[in-house]
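Before any comments, here is the structure.
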Amino acid sequence: MEEWKYTLPQRRKTRQIDVGGVKIGGGAPISVQSMTSTDTMDVEATLSQIRALADAGADIVRVSVPTLEACEPFKEECAKSPVPIVADIHFDYRIAIRCAEDGAAALRINPGNIGSPERIAAVCSAASDHGLPIRVGVNAGSLDRDLLKKYGAPCPKAMTEAALRAADVLEHHGFTNYAFSAKASELMLCVQAYEMLSEQTDAPLHLGITEAGGQRSGTVLSSIGISWLLREGIGDTLRVSLAADPVEEVKVGWSILKGMHLRSRGVEIVACPTCSRHAIDVIGTVKTLEDGLSDVRSEIKIAVMGCVVNGPGEALRSDIAVCGGSGGRCLVYENGVLQGKVEASKAAEVVEKRVRDRLGSDLGAGNKIKS
């Protein structure tokens, strides 16, 4: 019998940039980003959120620097951050120069709102002097007026032209160390803009469906759009934009990469949707395990199944599994081998202990449970 294997997408070939040691493009692993929602002037709150994002798996964190006064706390945040920090800048070119000098790992700008050619040249010079890349952020909601007049409304052609126009400005000043994003809140507009842009540049692409909405709707739209593009081999780094705790953005980003078999980190939980046959509290067990094992970074797969219809089959493909049995007890598996039975109410406790024992001392399929 032939074993089915998932075929990874052939990734688009791009040049590579370096964001504080995190490689983007050029075949590097797809990185996960997020952005702080705290007041940048509040160093303690911002650093706390940066650390939480890093713990959740963020490779890079973006911080908005809206004023010159915010540059000083931003400098401290960069110095104490466990991950590279991208400075998000609009309108004032002096802020970009200060951030480049004060520890930013990259600059996110829109050359269209930075100002005169001389000001753009000064930003490019500062980025070059400090070895920083620039992400050119194109957004359907803030296209130049002449492009809106030309095309009538935001569209993939307008967004692509905006990105390439910005690149021409940077390259005119001798700067080629850049990446693009082309975001929109309308799913298909965003997807088609990235598809069109990917055909006309070898710059790395930062994926995202901007302003996607709250946690539920934003997760759905982002998962569809980002996965669609990744399957086409498009995308070198990503951010899931949610009107929610930014830690959730990181979690969803990793879930997308796991589902596409492009990167894996931490615990993967397979769980049935439950039906009247369930003999274990699947929903409660999964929630307890997600919370209790949120600190685990090693890759491990867990199955939580309500009954023995699909439970044993999923157990064969999981490192540790539990499934509902009879008499208020559940079956426990490790590496597909039945270990015994425990009280269904203790399923989460038993699984978490086995995960930590396994990662701590590699107990494998041993340590049988007494029935």
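Residues in the structure tokens are named by chain (A, B, ... in the order shown) and by number from 1 within that chain; ligands are numbered from 1 in the order shown.
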Exercise for the section: Could you tell me, as a PyMOL selection string, which residues of region 191-244 of chain A DSSP assigns to helix (DSSP H, G or I) when given the backbone? Expected result: chain A and resi 191-198+215-231
Handout entry: Selected residue, from A:Gly174, A:Gly141, A:Gly327, A:Gly225, that lies nearest to Gly208 (chain A) when counting only C-alpha atoms
Key = A:Gly225
Sorted per-residue table, region 20-91 of chain A near region 238-251 of chain A, closest atoms and distance, 12 Å, only C-alpha atoms, as a tab-separated table:
residue	atom	partner	partner_atom	distance
A:Ile24	CA	A:Leu238	CA	10.3
A:Gly25	CA	A:Leu238	CA	11.6
A:Pro29	CA	A:Leu238	CA	11.1
A:Ile30	CA	A:Leu238	CA	7.4
A:Ser31	CA	A:Leu238	CA	6.4
A:Val32	CA	A:Leu238	CA	5.3
A:Gln33	CA	A:Arg239	CA	4.9
A:Ser34	CA	A:Arg239	CA	5.6
A:Met35	CA	A:Pro246	CA	6.7
A:Thr36	CA	A:Pro246	CA	6.8
A:Ser37	CA	A:Pro246	CA	7.4
A:Thr38	CA	A:Pro246	CA	10.2
A:Thr46	CA	A:Pro246	CA	11.9
A:Ser48	CA	A:Val247	CA	11.6
A:Gln49	CA	A:Val247	CA	8.3
A:Ile50	CA	A:Val247	CA	9.3
A:Arg51	CA	A:Val247	CA	10.0
A:Ala52	CA	A:Val247	CA	6.9
A:Leu53	CA	A:Val247	CA	5.4
A:Ala54	CA	A:Val247	CA	8.8
A:Asp55	CA	A:Val247	CA	9.0
A:Ala56	CA	A:Val250	CA	6.4
A:Gly57	CA	A:Val250	CA	6.5
A:Ala58	CA	A:Val250	CA	5.9
A:Asp59	CA	A:Val250	CA	9.2
A:Ile60	CA	A:Arg239	CA	9.7
A:Val61	CA	A:Arg239	CA	9.7
A:Arg62	CA	A:Arg239	CA	10.1
A:Val63	CA	A:Pro246	CA	11.9
Practice task
Quote the spacing between CA of Ala315 (chain A) and CA of Gly336 (chain A) in Å to one decimal place.
Solution key: 5.0 Å
Exercise for the section: Please provide the set of residues having any atom within 9 Å of Leu132 (chain A), restricted to only C-alpha atoms, with same-chain residues fewer than 2 positions apart removed, written as a PyMOL selection string. Expected result: chain A and resi 17-20+100+104-107+126-130+134+177-178
Handout entry: Residue nearest Val252 (chain A) - candidates A:Val337, A:Ile283, A:Leu170, A:Val220, atoms counted: only C-alpha atoms
Key =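 That would be A:Val220, the residue with the smallest distance to Val252 (chain A).
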